[in-house]
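The structure appears right after this line, and notes come after that.
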Amino acid sequence: MRIFNSMRKKIAGVTALGFALTLIPVGIAMADWGPARPTFTWNSPATYVTFNSITDNPQYGDERKFISARDINNPQYSKSVEVQNNEELYVQIYYHNDAASNYNLTATNTRIRFALPHTPATSTYINGHISASNANPADVQDSVDLTGSAPFTVEYEPGSAQIWNNVFRGAPLSDNIVTSSGALIGYSQMDGNVPGCAQYSGYVTIRVRIHMQTPQVSTYTATATASATASATAKASCPNSGATASATASATASATATATSNISQADADQKAQSAAQQQANTNAQAQAQANAEAKAKAEVNCQTTAPPTVTTTSAKPPTPSKPSSLPNTGAGDVFGIFAGASAFGTAGRYLVLRRRRR
């Protein structure tokens, strides 16, 4: 939120540099200028010593918005910069004594100051101040907004303050530039004297580094054990006999799981218990299915070889075979039969007569 409008009346009456700085709270985004003061144009400059009050500077534009920043690898300065951790920025202030040259008015004890934020914040700003003992107002300020994804601070890099004008091209300035006193500037030497007119204007730059805080996250660890019982039904069939069987079996299994949490110990405990229970359920279901399948296969009692194939045919009477030749019934065969029968009869009579004689 920009707060310049609500503070404008307070800052307008400030003439002391130290008091003016106390009215600007650090840590609130405020890319605005102050205090409210009379403004001038390029063709109608001031008749007294005043800094950065011309609104149509052909080279710069509105001089009241005199501070800006950029990443060191980005050539474009901006009034608002999104920063990253460890990023380096250039911050610059444009200064100009707006007194018309024909008045020969020189600002004395001219100082530049950068007010850096030191309280970590995700949205903050850097204030720039230009002051002179005889200027009206004695101090003018402007700010540049900085935003980040996490709270950060801004650190000045010592030895980086430089001045750029028609005489000096990057001459070093005092590191007091980031303190409450600020650093003296000048035109041909750093004596605090800055004559009126654009040819005596210039830039002051510093380099800063962003330090983004890493959130401290607590880690909680828990281990849990759970058990579960499951049942399963399976079917099996014998490819040879075609027999089928179904069986139901149950099994109990347990599992242990470890879990971590960035929230709390209770959250870690719950995660571990849930993981263990889920694994136990899976284990029990798998074991029950295996048991059911084994039981069903045992009940089928399949044969490992196929039974013989039996072919059934209708019964028919046998067909007698035809002899290849007719039996021989000639005289030779008849004589043989007769001779055998006569011999058998003679032998029989002999045995009977012998028994009688005895």
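Residues are referred to by chain and number: the chain letter is A, B, ... according to the order shown in the structure tokens, the number counts from 1 in that chain, and ligands are numbered separately from 1 in the order shown.
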Next on the checklist: At a cut-off of 7 Å, using only C-alpha atoms, what residues contact range 75-87 of chain A? Leave out same-chain residues fewer than 5 positions from it and give the result as a list of chain:residue names.
Outcome noted: A:Ala31, A:Ser68, A:Ala69, A:Arg70, A:Val144, A:Asp145, A:Leu146, A:Thr147, A:Gly148, A:Arg209, A:Ile210, A:His211, A:Met212
Next on the checklist: List as a PyMOL selection string the protein and nucleic acid residues near range 277-293 of chain A, meaning an atom at most 12 Å away when only C-alpha atoms are counted, but skip any in the same chain fewer than 3 places from it.
Outcome noted: chain A and resi 223-237+244-258+270-274+296-300
Item to check | Residue contacts of Asn193 in chain A (10 Å, only C-alpha atoms) excluding same-chain residues fewer than 4 positions away, as a ChimeraX atom specification | outcome: /A:106-111,132,184-189,200
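Here the question is which of A:Ile130, A:Ile206, A:Ala294, A:Ala115 gets nearest to Val178 in chain A using only C-alpha atoms, and that residue is A:Ala115.
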Item to check | DSSP-assigned strand (DSSP E or B) members of range 161-207 of chain A, reported as an MDAnalysis selection string | outcome: chainID A and resid 162:164 169:172 183:184 194:195 202:207
Item to check | 12 Å contact set for range 160-175 of chain A, only C-alpha atoms, chain neighbours under 4 positions out, as a PyMOL selection string | outcome: chain A and resi 88-96+111-114+155-156+179-192+194+198-209
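If you measure from each of A:Asn134, A:Asn176, A:Thr260, A:Asn57 to Ala275 in chain A using only C-alpha atoms, the closest one turns out to be A:Thr260.
Counting only C-alpha atoms and comparing A:Leu116, A:Val140, A:Ile72, A:Ala222, the residue that lies closest to Pro35 in chain A is A:Val140.
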Checklist outcome for this item: In terms of only C-alpha atoms, the residue from A:Gly128, A:Ala138, A:Asn43, A:Ile263 at minimal distance from Pro58 in chain A is A:Asn43
